[in-house]
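Here's work21.txt, which has compact mmCIF, C-alpha atoms:
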# COMPACT_ATOMS: atom_id res chain seq x y z
CA MET P 1 72.26 113.07 103.66
CA GLY P 2 73.37 112.57 107.22
CA ALA P 3 76.28 110.35 106.25
CA GLY P 4 78.92 112.93 107.20
CA LYS P 5 80.12 113.55 103.64
CA THR P 6 81.26 117.11 104.27
CA THR P 7 83.29 116.28 107.38
CA VAL P 8 84.91 113.20 105.85
CA GLY P 9 85.35 114.85 102.46
CA GLU P 10 87.22 117.77 103.95
CA GLU P 11 89.55 115.38 105.78
CA VAL P 12 90.21 113.30 102.66
CA ALA P 13 90.91 116.47 100.68
CA ARG P 14 93.34 117.70 103.33
CA ARG P 15 95.23 114.41 103.41
CA THR P 16 95.48 114.08 99.62
CA GLY P 17 96.16 117.76 98.93
CA ARG P 18 93.17 117.99 96.61
CA PRO P 19 90.54 120.76 96.40
CA PHE P 20 87.29 120.03 98.20
CA VAL P 21 83.94 120.66 96.52
CA ASP P 22 80.68 120.40 98.46
CA THR P 23 77.95 120.55 95.83
CA ASP P 24 75.29 121.87 98.23
CA THR P 25 77.58 124.66 99.42
CA VAL P 26 78.45 125.70 95.86
CA ILE P 27 74.79 125.73 94.81
CA GLU P 28 73.74 127.83 97.80
CA ALA P 29 76.57 130.30 97.19
CA ARG P 30 75.47 130.77 93.59
CA HIS P 31 71.69 130.44 93.76
CA GLY P 32 70.55 130.89 97.35
CA PRO P 33 69.13 128.50 99.97
CA ILE P 34 68.42 124.96 98.78
CA ALA P 35 65.02 125.02 100.51
CA ASP P 36 64.02 127.99 98.32
CA LEU P 37 65.28 126.23 95.18
CA PHE P 38 63.20 123.15 96.01
CA GLU P 39 60.10 125.30 96.24
CA ARG P 40 60.59 126.14 92.57
CA GLY P 41 60.83 122.44 91.73
CA GLU P 42 63.23 119.61 92.46
CA SER P 43 64.06 119.08 88.77
CA GLU P 44 65.60 122.55 88.50
CA PHE P 45 67.69 121.91 91.62
CA ARG P 46 68.92 118.61 90.14
CA ARG P 47 69.91 120.42 86.96
CA LEU P 48 72.01 122.88 88.96
CA GLU P 49 73.47 120.00 90.96
CA THR P 50 74.51 118.14 87.81
CA GLU P 51 76.05 121.33 86.47
CA VAL P 52 78.24 121.70 89.58
CA VAL P 53 79.31 118.04 89.47
CA GLU P 54 80.20 118.25 85.77
CA GLU P 55 82.19 121.40 86.39
CA ALA P 56 84.17 119.77 89.20
CA LEU P 57 84.84 116.64 87.16
CA GLY P 58 85.99 118.74 84.22
CA ARG P 59 88.82 120.44 86.08
CA ALA P 60 92.39 119.45 85.26
CA GLU P 61 93.20 119.00 88.94
CA PRO P 62 91.25 116.16 90.57
CA SER P 63 88.99 117.09 93.48
CA VAL P 64 87.26 115.44 96.39
CA ILE P 65 83.56 116.01 95.79
CA ALA P 66 80.81 115.63 98.39
CA LEU P 67 77.74 114.84 96.33
CA GLY P 68 74.23 115.75 97.32
CA GLY P 69 72.13 112.68 98.06
CA GLY P 70 70.34 112.84 94.73
CA ALA P 71 73.40 113.55 92.60
CA TYR P 72 74.69 110.02 92.37
CA GLU P 73 73.48 109.63 88.77
CA ALA P 74 75.49 112.72 87.82
CA ALA P 75 78.63 111.00 89.09
CA ARG P 76 78.37 108.15 86.55
CA SER P 77 81.50 109.09 84.63
CA ASP P 78 84.83 107.60 83.64
CA ARG P 79 86.35 110.69 85.26
CA SER P 80 84.99 109.84 88.71
CA LEU P 81 85.67 107.28 91.41
CA PRO P 82 82.51 107.17 93.54
CA ILE P 83 82.88 106.01 97.15
CA LEU P 84 79.78 105.34 99.24
CA LEU P 85 80.09 106.74 102.75
CA ASP P 86 77.80 104.22 104.34
CA VAL P 87 75.13 105.09 106.90
CA ASP P 88 72.00 103.26 108.03
CA VAL P 89 68.63 104.90 107.66
CA GLU P 90 68.10 105.29 111.41
CA THR P 91 71.35 107.24 111.85
CA ALA P 92 70.75 109.28 108.71
CA TRP P 93 67.27 110.29 109.87
CA LYS P 94 68.46 111.08 113.38
CA ARG P 95 71.11 113.42 111.98
CA SER P 96 68.85 115.02 109.37
CA ARG P 97 65.53 115.54 111.13
CA GLY P 98 64.82 119.03 112.34
CA SER P 99 67.12 120.52 109.69
CA ASP P 100 66.03 122.70 106.78
CA ARG P 101 66.86 119.98 104.25
CA PRO P 102 63.85 119.74 101.92
CA LEU P 103 63.84 115.93 101.82
CA ALA P 104 64.15 115.62 105.61
CA GLN P 105 60.84 117.28 106.50
CA ASN P 106 58.84 114.06 106.44
CA GLU P 107 60.12 110.82 107.93
CA THR P 108 58.07 108.54 105.69
CA ARG P 109 59.24 110.32 102.56
CA PHE P 110 62.83 110.30 103.88
CA ARG P 111 62.78 106.53 104.38
CA GLU P 112 61.22 105.94 100.98
CA CYS P 113 63.87 108.06 99.32
CA PHE P 114 66.63 106.21 101.20
CA ALA P 115 65.26 102.84 100.05
CA GLN P 116 64.87 103.93 96.41
CA ARG P 117 68.40 105.18 95.84
CA ASP P 118 70.68 102.41 94.65
CA TYR P 119 73.99 103.85 95.81
CA ARG P 120 75.83 100.53 96.05
CA SER P 121 75.50 99.71 92.36
CA LEU P 122 77.41 102.88 91.53
CA ALA P 123 80.08 102.81 94.24
CA HIS P 124 83.66 101.80 93.49
CA GLY P 125 83.96 101.12 97.22
CA VAL P 126 82.21 101.52 100.55
CA ALA P 127 83.65 103.32 103.59
CA ASP P 128 82.63 104.61 107.00
CA ASP P 129 85.44 107.08 107.71
CA ALA P 130 88.26 109.03 106.02
CA ASP P 131 90.70 106.11 106.23
CA GLY P 132 88.07 103.91 104.62
CA VAL P 133 87.59 106.36 101.73
CA LEU P 134 91.34 106.48 101.08
CA LEU P 135 91.58 102.69 101.14
CA ALA P 136 88.56 102.26 98.88
CA ALA P 137 89.92 104.78 96.38
CA LEU P 138 92.93 102.50 95.75
CA GLY P 139 90.91 99.29 95.95
CA ILE P 140 92.48 98.22 99.25
CA ARG P 141 90.46 95.69 101.23
CA ILE P 142 91.40 94.94 104.84
CA GLY P 143 90.37 91.60 106.27
CA GLY P 144 90.93 89.34 103.30
CA GLY P 145 88.46 88.09 100.75
CA ARG P 146 88.41 86.51 97.31
CA ALA P 147 90.76 87.61 94.55
CA ASP P 148 89.53 86.24 91.24
CA GLY P 149 92.12 86.01 88.47
CA ASP P 150 93.51 83.85 85.70
CA VAL P 151 97.12 83.34 86.74
CA LEU P 152 98.59 83.19 90.24
CA LEU P 153 102.18 84.25 90.80
CA VAL P 154 103.13 82.85 94.17
CA ASP P 155 106.21 82.93 96.37
CA ALA P 156 107.96 79.66 95.57
CA ARG P 157 108.37 78.84 99.26
CA MET P 158 104.60 79.11 99.85
CA ARG P 159 103.72 76.95 96.89
CA GLU P 160 105.40 74.01 98.59
CA HIS P 161 103.07 73.92 101.60
CA LYS P 162 99.82 75.57 100.54
CA THR P 163 97.04 74.64 98.14
CA PHE P 164 95.66 77.35 95.85
CA SER P 165 92.32 77.55 94.08
CA LEU P 166 93.81 78.68 90.76
CA ASP P 167 95.09 75.84 88.60
CA HIS P 168 97.55 78.05 86.73
CA THR P 169 100.18 78.96 89.32
CA ILE P 170 103.72 80.13 88.57
CA PRO P 171 106.29 80.17 91.38
CA VAL P 172 108.38 83.32 91.91
CA HIS P 173 111.99 82.76 92.97
CA GLU P 174 113.62 86.20 92.64
CA LYS P 175 113.01 89.75 91.43
CA SER P 176 115.14 89.79 88.29
CA LEU P 177 114.74 90.37 84.56
CA ALA P 178 115.57 86.71 83.97
CA GLU P 179 112.70 85.70 86.25
CA ALA P 180 110.36 88.15 84.53
CA TRP P 181 111.41 86.71 81.15
CA ARG P 182 110.64 83.19 82.35
CA ILE P 183 107.19 84.22 83.57
CA TRP P 184 106.38 86.16 80.38
CA SER P 185 107.23 83.00 78.44
CA GLU P 186 104.96 80.83 80.61
CA LEU P 187 101.95 83.15 80.64
CA ARG P 188 98.91 82.17 78.63
CA LEU P 189 96.83 85.27 79.15
CA GLY P 190 94.72 87.56 76.98
CA ARG P 191 94.41 91.33 77.30
CA GLY P 192 91.37 90.88 79.52
CA GLY P 193 93.14 88.53 81.92
CA THR P 194 94.17 89.19 85.51
CA ILE P 195 97.35 88.23 87.36
CA VAL P 196 97.09 87.58 91.11
CA ALA P 197 100.23 88.01 93.23
CA TYR P 198 100.47 86.13 96.52
CA GLY P 199 103.56 86.64 98.63
CA GLY P 200 105.98 89.22 99.96
CA GLY P 201 107.50 92.27 98.32
CA THR P 202 109.56 90.25 95.85
CA THR P 203 106.43 88.54 94.53
CA THR P 204 104.19 91.61 94.37
CA ASP P 205 106.91 93.81 92.85
CA LEU P 206 107.70 91.25 90.15
CA ALA P 207 104.05 90.39 89.48
CA GLY P 208 103.17 94.06 89.09
CA PHE P 209 106.07 94.56 86.69
CA VAL P 210 105.05 91.52 84.64
CA ALA P 211 101.45 92.77 84.58
CA ALA P 212 102.59 96.26 83.51
CA THR P 213 104.59 94.94 80.57
CA TYR P 214 102.77 91.81 79.34
CA MET P 215 100.45 92.67 76.43
CA ARG P 216 101.40 96.32 77.21
CA GLY P 217 99.54 96.02 80.48
CA VAL P 218 97.04 93.64 82.05
CA ARG P 219 95.13 93.84 85.32
CA TRP P 220 96.61 92.52 88.53
CA ILE P 221 95.67 92.00 92.17
CA ALA P 222 98.07 91.99 95.12
CA LEU P 223 97.70 89.70 98.15
CA PRO P 224 100.66 90.69 100.36
CA THR P 225 101.62 88.15 103.00
CA THR P 226 104.28 90.12 104.91
CA LEU P 227 103.94 93.10 107.23
CA VAL P 228 106.13 95.20 104.92
CA GLY P 229 103.83 94.37 102.03
CA GLN P 230 100.61 95.05 103.93
CA VAL P 231 101.63 98.44 105.31
CA ASP P 232 103.77 99.70 102.45
CA ALA P 233 105.27 97.70 99.58
CA ALA P 234 102.10 96.41 97.88
CA ILE P 235 100.41 99.83 97.95
CA GLY P 236 100.96 102.62 95.45
CA GLY P 237 101.53 101.03 92.05
CA LYS P 238 105.34 100.92 92.09
CA THR P 239 106.59 97.76 90.37
CA ALA P 240 110.18 96.84 89.60
CA VAL P 241 112.93 94.29 89.17
CA ASP P 242 116.54 94.46 90.31
CA LEU P 243 119.67 94.65 88.15
CA PRO P 244 123.20 93.65 89.20
CA GLU P 245 123.89 97.39 89.41
CA GLY P 246 121.18 98.03 92.00
CA LYS P 247 117.70 97.42 93.34
CA ASN P 248 114.49 98.45 91.55
CA LEU P 249 116.30 99.98 88.57
CA VAL P 250 113.79 98.75 85.99
CA GLY P 251 110.09 99.22 86.66
CA ALA P 252 106.83 100.99 86.01
CA PHE P 253 103.90 102.53 87.78
CA HIS P 254 101.04 100.06 87.39
CA TYR P 255 98.38 100.20 90.11
CA PRO P 256 96.71 96.92 91.10
CA ASP P 257 92.94 96.72 90.74
CA HIS P 258 92.80 95.53 94.35
CA VAL P 259 95.13 95.01 97.27
CA VAL P 260 93.64 92.33 99.53
CA ILE P 261 95.17 92.57 103.01
CA ASP P 262 94.54 89.76 105.46
CA PRO P 263 96.32 90.32 108.81
CA GLY P 264 95.75 86.62 109.49
CA GLU P 265 98.47 85.86 106.94
CA LEU P 266 101.00 87.22 109.44
CA ALA P 267 100.35 84.51 112.06
CA THR P 268 103.33 82.45 110.87
CA LEU P 269 105.54 85.36 109.83
CA PRO P 270 109.14 84.90 111.07
CA GLU P 271 110.25 87.38 113.71
CA GLY P 272 112.87 88.87 111.41
CA GLU P 273 110.23 89.65 108.78
CA ARG P 274 108.01 91.17 111.44
CA ARG P 275 110.87 93.47 112.52
CA ASN P 276 111.31 94.51 108.89
CA GLY P 277 107.66 95.48 108.77
CA MET P 278 107.71 97.30 112.09
CA ALA P 279 110.45 99.61 110.79
CA GLU P 280 108.02 100.71 108.06
CA VAL P 281 105.25 101.07 110.65
CA VAL P 282 107.43 103.37 112.75
CA LYS P 283 108.33 105.38 109.64
CA THR P 284 104.66 105.78 108.79
CA GLY P 285 103.79 106.78 112.34
CA LEU P 286 106.51 109.44 112.35
CA LEU P 287 105.21 110.84 109.07
CA ALA P 288 101.59 110.75 110.26
CA GLY P 289 102.45 112.18 113.68
CA ARG P 290 100.75 109.29 115.48
CA PRO P 291 102.23 106.33 117.40
CA LEU P 292 100.68 103.80 115.04
CA TRP P 293 102.95 101.08 116.42
CA GLU P 294 100.94 101.19 119.66
CA LEU P 295 97.68 100.13 117.96
CA SER P 296 96.42 96.57 117.75
CA GLU P 297 97.84 94.76 114.73
CA ALA P 298 94.71 95.03 112.57
CA LYS P 299 94.18 98.73 113.36
CA MET P 300 97.88 99.43 112.87
CA ILE P 301 97.88 97.84 109.42
CA ARG P 302 94.71 99.71 108.40
CA ALA P 303 96.06 103.08 109.55
CA CYS P 304 99.42 102.57 107.81
CA ALA P 305 97.79 101.43 104.58
CA ALA P 306 95.45 104.43 104.63
CA PHE P 307 98.35 106.85 105.16
CA LYS P 308 100.30 105.32 102.27
CA ALA P 309 97.16 105.56 100.13
CA SER P 310 96.75 109.25 100.96
CA VAL P 311 100.32 110.02 99.87
CA CYS P 312 99.94 108.04 96.64
CA LEU P 313 96.63 109.73 95.81
CA ALA P 314 98.34 113.09 96.35
CA ASP P 315 101.18 112.12 94.01
CA PRO P 316 100.14 109.06 91.96
CA TYR P 317 103.17 108.90 89.65
CA GLU P 318 105.87 110.60 91.74
CA GLN P 319 105.68 113.84 89.76
CA LYS P 320 104.79 116.33 92.51
CA GLY P 321 107.43 115.47 95.09
CA ARG P 322 104.93 114.39 97.76
CA ARG P 323 105.91 110.72 97.57
CA GLU P 324 109.47 111.63 98.51
CA ILE P 325 108.42 111.79 102.14
CA LEU P 326 107.99 108.00 102.09
CA ASN P 327 111.80 107.79 101.93
CA LEU P 328 112.17 108.97 105.53
CA GLY P 329 115.13 106.97 106.85
CA HIS P 330 115.59 105.17 103.54
CA THR P 331 118.44 107.32 102.22
CA PHE P 332 120.72 106.09 104.99
CA GLY P 333 119.10 102.66 105.03
CA HIS P 334 119.67 102.03 101.32
CA ALA P 335 123.29 103.15 101.64
CA LEU P 336 123.87 100.63 104.44
CA GLU P 337 122.17 97.87 102.44
CA ALA P 338 124.36 98.55 99.40
CA ALA P 339 127.53 98.61 101.51
CA SER P 340 126.59 95.21 102.96
CA ASP P 341 126.00 93.69 99.50
CA TYR P 342 122.35 93.54 100.59
CA GLU P 343 123.07 91.06 103.35
CA LEU P 344 121.76 93.55 105.93
CA ALA P 345 118.02 93.06 106.50
CA HIS P 346 115.94 95.83 104.95
CA GLY P 347 114.06 96.49 108.17
CA GLU P 348 117.25 96.81 110.21
CA ALA P 349 118.69 99.19 107.61
CA VAL P 350 115.56 101.34 107.62
CA ALA P 351 115.45 101.42 111.43
CA LEU P 352 119.07 102.63 111.47
CA GLY P 353 118.25 105.16 108.78
CA LEU P 354 115.33 106.47 110.80
CA THR P 355 117.65 106.91 113.77
CA ALA P 356 119.97 109.08 111.66
CA ALA P 357 117.10 111.10 110.20
CA LEU P 358 115.67 111.71 113.67
CA ARG P 359 119.04 112.88 114.98
CA LEU P 360 119.41 115.33 112.11
CA SER P 361 115.84 116.49 112.77
CA GLY P 362 116.67 117.14 116.43
CA LEU P 363 114.20 114.49 117.59
CA GLY P 364 114.84 111.44 119.76
CA MET P 365 112.94 108.14 119.59
CA ALA P 366 115.35 105.77 121.33
CA ASP P 367 112.47 104.07 123.13
CA VAL P 368 110.90 103.02 119.82
CA LEU P 369 113.90 102.17 117.64
CA ASP P 370 116.05 99.49 119.23
CA VAL P 371 119.05 99.49 116.87
CA HIS P 372 122.80 99.02 117.05
CA PRO P 373 125.56 100.10 114.64
CA VAL P 374 126.42 97.57 111.95
CA ARG P 375 129.71 96.51 110.40
CA VAL P 376 129.85 97.63 106.75
CA ASP P 377 132.41 99.45 104.61
CA ARG P 378 132.15 103.16 105.48
CA GLU P 379 133.35 104.44 102.11
CA ARG P 380 131.01 102.20 100.12
CA ALA P 381 128.11 103.37 102.27
CA TRP P 382 129.06 107.02 101.75
CA GLN P 383 129.37 106.59 97.99
CA ALA P 384 125.98 104.85 97.89
CA LEU P 385 124.37 107.63 99.93
CA GLN P 386 125.62 110.23 97.45
CA ARG P 387 123.99 108.28 94.60
CA ASP P 388 120.56 108.44 96.25
CA LYS P 389 117.74 109.08 93.78
CA LYS P 390 116.65 112.27 95.59
CA ALA P 391 120.05 113.92 94.98
CA ARG P 392 119.99 117.00 92.73
CA ASN P 393 123.06 118.46 91.00
CA GLY P 394 125.33 116.40 93.21
CA LYS P 395 123.63 117.66 96.38
CA ILE P 396 122.37 115.16 98.97
CA ARG P 397 118.71 115.67 99.88
CA LEU P 398 117.16 114.09 102.96
CA VAL P 399 113.65 113.62 104.28
CA LEU P 400 113.62 115.08 107.79
CA LEU P 401 110.96 116.09 110.31
CA GLU P 402 110.28 119.65 111.43
CA GLU P 403 108.26 117.90 114.11
CA LEU P 404 106.36 114.63 114.31
CA GLY P 405 103.86 114.58 111.45
CA LYS P 406 105.59 117.40 109.52
CA PRO P 407 108.07 115.93 107.04
CA VAL P 408 110.24 118.15 104.86
CA VAL P 409 112.81 117.44 102.14
CA ARG P 410 116.01 119.44 102.64
CA GLU P 411 119.44 119.72 101.11
CA ALA P 412 121.87 118.13 103.57
CA ASP P 413 125.12 119.51 104.82
CA PRO P 414 127.68 116.92 103.59
CA VAL P 415 129.63 116.96 106.85
CA GLU P 416 126.50 116.43 108.95
CA ALA P 417 125.25 113.69 106.63
CA ARG P 418 128.61 111.89 106.71
CA THR P 419 128.76 112.14 110.51
CA ALA P 420 125.21 110.79 110.86
CA LEU P 421 126.08 107.87 108.55
CA ASP P 422 129.31 107.09 110.40
CA GLU P 423 127.40 106.87 113.68
CA LEU P 424 125.42 103.94 112.21
CA ILE P 425 128.58 101.95 111.43
CA THR P 426 130.91 100.08 113.76
CA ASP P 427 134.46 98.97 113.01

Render the structure in this file as structure tokens.
Amino acid sequence: MGAGKTTVGEEVARRTGRPFVDTDTVIEARHGPIADLFERGESEFRRLETEVVEEALGRAEPSVIALGGGAYEAARSDRSLPILLDVDVETAWKRSRGSDRPLAQNETRFRECFAQRDYRSLAHGVADDADGVLLAALGIRIGGGRADGDVLLVDARMREHKTFSLDHTIPVHEKSLAEAWRIWSELRLGRGGTIVAYGGGTTTDLAGFVAATYMRGVRWIALPTTLVGQVDAAIGGKTAVDLPEGKNLVGAFHYPDHVVIDPGELATLPEGERRNGMAEVVKTGLLAGRPLWELSEAKMIRACAAFKASVCLADPYEQKGRREILNLGHTFGHALEAASDYELAHGEAVALGLTAALRLSGLGMADVLDVHPVRVDRERAWQALQRDKKARNGKIRLVLLEELGKPVVREADPVEARTALDELITD
């Protein structure tokens, strides 16, 4: 008690589109004031509490549940993902004293109870705010740390100038089926093994795909080393390889056990790669309705990763349509990339795509997106745009913004879409 579970829980539920269940509120609505229930005996209250938790966990639709302080044993279930909203005893007592909470009437008893409850042994993760809960729910750790595994798949360029603690390292050269085949053949890993991926989007995408398919699925951990990876690409369980016919055509959803994000890895990132990442940061800020690009680097990365986590928790396997919003600007961007034979940098393509999406949304962000038209084949770009994966029955669908922070997916007028695309291209 006193950790702020209700406030944070409501925010997490809002951002993930899940129902919110506050066990204390449900019990009081059904059985009357908790103080009165305690007078009849704490054991009866705990029985009612367990009943409410079991009911919430048994629903088909997953919920965000704020547990009463004594209900942590009831949450021991393979259907739950317990997150400890951390608070020190001094703060908890300060917030709880003077209330009608039965266990906050005596400070000595309160402190004893706090010391006795072993919350950390149960928790999947520890957080101190809504962003922290979202990150912990997907096993995302900001600030680095150890990543224990059996096999390390590492960007081939990094292997040449860095020493790794794992003896079994396999360099990654490209994101292709041939490369996946080579790695499958080299792996010496049992079903209980773990693959660690260290590198940019090519490495984490390929490693996740290999992990999803080897032995029908083994655990993996992502250590993204690029800004794109840390704010977007390594989060959300999408894994894939490219085919000659297009990017990411063969893949699977296979969530990593952990995503270990160390902003320090970006110290030597080339400027071009940083620009690629900043395009994704701007996209995320537009979707969130906050100028995330104005934050310090560490805070910016944390906020972007938490937003991506919230969208993925709302739509884990791209079945509800929520994840489509992450394609803001990408419909145009992917078309430009394809028309350039993928010589155009991904970040530049996305930034141009965001410019088009903002124009069609009636919004201007010229001060944020410093882009210039590019020279690609107009017809190839238009044909690629019409093949976008969001198209339905031959109709182009675009992610636009009703206003900052309010994305919407709409069927596009072909003339307007073609005009917006043409404005991104120079002769």

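Residues in contact with stretch 290-307 of chain P at 6 Å, where only C-alpha atoms are counted and same-chain residues fewer than 5 positions away are skipped, are listed as P:Asp131, P:Leu134, P:Leu135, P:Val231, P:Gly285.
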
**Report entry** Two-atom distance - atom CA of P:Glu112, atom CA of P:Asp88 (Å)
**Finding:**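 Computing it gives 13.2 Å between the two atoms.
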
Please list as a PyMOL selection string every residue within 6 Å of stretch 273-282 of chain P, counting only C-alpha atoms and excluding residues in the same chain fewer than 3 positions away. chain P and resi 227-228+270+285+347+351

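The residue that comes closest to P:Lys5, out of P:Val133, P:Ile425, P:Leu206, P:Leu385 and on the basis of only C-alpha atoms, is P:Val133.
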
Notebook entry, point to check: Which one of P:Pro62, P:Gly199, P:Pro407, P:Gly144 sits closest to P:Arg322 if you count all atoms listed in the file?
Noted result: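 Smallest separation from P:Arg322 among the options: P:Pro407.
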
For P:Glu348: contacts at 12 Å, only C-alpha atoms, fewer than 5 positions along chain excluded, given as an mmCIF file with C-alpha atoms, keeping the file's coordinate frame:
data_model
loop_
_atom_site.group_PDB
_atom_site.id
_atom_site.type_symbol
_atom_site.label_atom_id
_atom_site.label_comp_id
_atom_site.auth_asym_id
_atom_site.auth_seq_id
_atom_site.Cartn_x
_atom_site.Cartn_y
_atom_site.Cartn_z
ATOM 1 C CA GLY P 272 112.870 88.870 111.410
ATOM 2 C CA GLU P 273 110.230 89.650 108.780
ATOM 3 C CA ARG P 274 108.010 91.170 111.440
ATOM 4 C CA ARG P 275 110.870 93.470 112.520
ATOM 5 C CA ASN P 276 111.310 94.510 108.890
ATOM 6 C CA GLY P 277 107.660 95.480 108.770
ATOM 7 C CA MET P 278 107.710 97.300 112.090
ATOM 8 C CA ALA P 279 110.450 99.610 110.790
ATOM 9 C CA GLU P 280 108.020 100.710 108.060
ATOM 10 C CA GLY P 329 115.130 106.970 106.850
ATOM 11 C CA HIS P 330 115.590 105.170 103.540
ATOM 12 C CA PHE P 332 120.720 106.090 104.990
ATOM 13 C CA GLY P 333 119.100 102.660 105.030
ATOM 14 C CA HIS P 334 119.670 102.030 101.320
ATOM 15 C CA LEU P 336 123.870 100.630 104.440
ATOM 16 C CA GLU P 337 122.170 97.870 102.440
ATOM 17 C CA SER P 340 126.590 95.210 102.960
ATOM 18 C CA TYR P 342 122.350 93.540 100.590
ATOM 19 C CA GLU P 343 123.070 91.060 103.350
ATOM 20 C CA GLY P 353 118.250 105.160 108.780
ATOM 21 C CA LEU P 354 115.330 106.470 110.800
ATOM 22 C CA THR P 355 117.650 106.910 113.770
ATOM 23 C CA LEU P 369 113.900 102.170 117.640
ATOM 24 C CA ASP P 370 116.050 99.490 119.230
ATOM 25 C CA VAL P 371 119.050 99.490 116.870
ATOM 26 C CA HIS P 372 122.800 99.020 117.050
ATOM 27 C CA PRO P 373 125.560 100.100 114.640
ATOM 28 C CA VAL P 374 126.420 97.570 111.950
ATOM 29 C CA LEU P 424 125.420 103.940 112.210
#

- Task: Within 12 Å of stretch 409-417 of chain P, counting only C-alpha atoms, which residues show up once you throw out same-chain ones fewer than 2 positions away? Write them as a ChimeraX atom specification, please.
- Result: /P:321-329,331-332,335,353,356-357,359-361,381-383,385-386,390-402,406-407,419-424

Could you write out that same residue set with C-alpha atoms as a PDB file, keeping the file's coordinate frame?
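Generated file (part.pdb):
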ATOM      1  CA  GLY P 321     107.430 115.470  95.090  1.00  0.00           C
ATOM      2  CA  ARG P 322     104.930 114.390  97.760  1.00  0.00           C
ATOM      3  CA  ARG P 323     105.910 110.720  97.570  1.00  0.00           C
ATOM      4  CA  GLU P 324     109.470 111.630  98.510  1.00  0.00           C
ATOM      5  CA  ILE P 325     108.420 111.790 102.140  1.00  0.00           C
ATOM      6  CA  LEU P 326     107.990 108.000 102.090  1.00  0.00           C
ATOM      7  CA  ASN P 327     111.800 107.790 101.930  1.00  0.00           C
ATOM      8  CA  LEU P 328     112.170 108.970 105.530  1.00  0.00           C
ATOM      9  CA  GLY P 329     115.130 106.970 106.850  1.00  0.00           C
ATOM     10  CA  THR P 331     118.440 107.320 102.220  1.00  0.00           C
ATOM     11  CA  PHE P 332     120.720 106.090 104.990  1.00  0.00           C
ATOM     12  CA  ALA P 335     123.290 103.150 101.640  1.00  0.00           C
ATOM     13  CA  GLY P 353     118.250 105.160 108.780  1.00  0.00           C
ATOM     14  CA  ALA P 356     119.970 109.080 111.660  1.00  0.00           C
ATOM     15  CA  ALA P 357     117.100 111.100 110.200  1.00  0.00           C
ATOM     16  CA  ARG P 359     119.040 112.880 114.980  1.00  0.00           C
ATOM     17  CA  LEU P 360     119.410 115.330 112.110  1.00  0.00           C
ATOM     18  CA  SER P 361     115.840 116.490 112.770  1.00  0.00           C
ATOM     19  CA  ALA P 381     128.110 103.370 102.270  1.00  0.00           C
ATOM     20  CA  TRP P 382     129.060 107.020 101.750  1.00  0.00           C
ATOM     21  CA  GLN P 383     129.370 106.590  97.990  1.00  0.00           C
ATOM     22  CA  LEU P 385     124.370 107.630  99.930  1.00  0.00           C
ATOM     23  CA  GLN P 386     125.620 110.230  97.450  1.00  0.00           C
ATOM     24  CA  LYS P 390     116.650 112.270  95.590  1.00  0.00           C
ATOM     25  CA  ALA P 391     120.050 113.920  94.980  1.00  0.00           C
ATOM     26  CA  ARG P 392     119.990 117.000  92.730  1.00  0.00           C
ATOM     27  CA  ASN P 393     123.060 118.460  91.000  1.00  0.00           C
ATOM     28  CA  GLY P 394     125.330 116.400  93.210  1.00  0.00           C
ATOM     29  CA  LYS P 395     123.630 117.660  96.380  1.00  0.00           C
ATOM     30  CA  ILE P 396     122.370 115.160  98.970  1.00  0.00           C
ATOM     31  CA  ARG P 397     118.710 115.670  99.880  1.00  0.00           C
ATOM     32  CA  LEU P 398     117.160 114.090 102.960  1.00  0.00           C
ATOM     33  CA  VAL P 399     113.650 113.620 104.280  1.00  0.00           C
ATOM     34  CA  LEU P 400     113.620 115.080 107.790  1.00  0.00           C
ATOM     35  CA  LEU P 401     110.960 116.090 110.310  1.00  0.00           C
ATOM     36  CA  GLU P 402     110.280 119.650 111.430  1.00  0.00           C
ATOM     37  CA  LYS P 406     105.590 117.400 109.520  1.00  0.00           C
ATOM     38  CA  PRO P 407     108.070 115.930 107.040  1.00  0.00           C
ATOM     39  CA  THR P 419     128.760 112.140 110.510  1.00  0.00           C
ATOM     40  CA  ALA P 420     125.210 110.790 110.860  1.00  0.00           C
ATOM     41  CA  LEU P 421     126.080 107.870 108.550  1.00  0.00           C
ATOM     42  CA  ASP P 422     129.310 107.090 110.400  1.00  0.00           C
ATOM     43  CA  GLU P 423     127.400 106.870 113.680  1.00  0.00           C
ATOM     44  CA  LEU P 424     125.420 103.940 112.210  1.00  0.00           C
TER      45      LEU P 424
END

- Query: In Å, how far is it from atom CA of P:Pro224 to atom CA of P:Val151?
  - Reply: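 If I compute the distance from atom CA of P:Pro224 to atom CA of P:Val151, I get 15.9 Å.
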
As an exercise, work out the distance from atom CA of P:Asp155 to atom CA of P:Ile195 in Å and give it to one decimal place.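 Atom-to-atom, atom CA of P:Asp155 and atom CA of P:Ile195 are spaced 13.7 Å apart.
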
inquiry  = Can you tell me which residues surround P:Gly217 at a distance of at most 10 Å, considering only C-alpha atoms, apart from same-chain residues fewer than 2 positions away, and format the answer as a VMD selection string?
reply    = chain P and resid 191 to 193 208 to 215 219 to 220 254

Counting all atoms listed in the file, the residue among P:His258, P:Arg30, P:Arg59, P:Lys247 that lies closest to P:Ser176 is P:Lys247

Counting all atoms listed in the file, the residue among P:Ala13, P:Ala338, P:Ala267, P:Ile261 that lies closest to P:Leu313 is P:Ala13

Which of these residues is nearest to P:Leu103, using only C-alpha atoms: P:Asp388, P:Glu42, P:Glu265, P:Asp341?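 Using only C-alpha atoms, P:Leu103 sits closest to P:Glu42.
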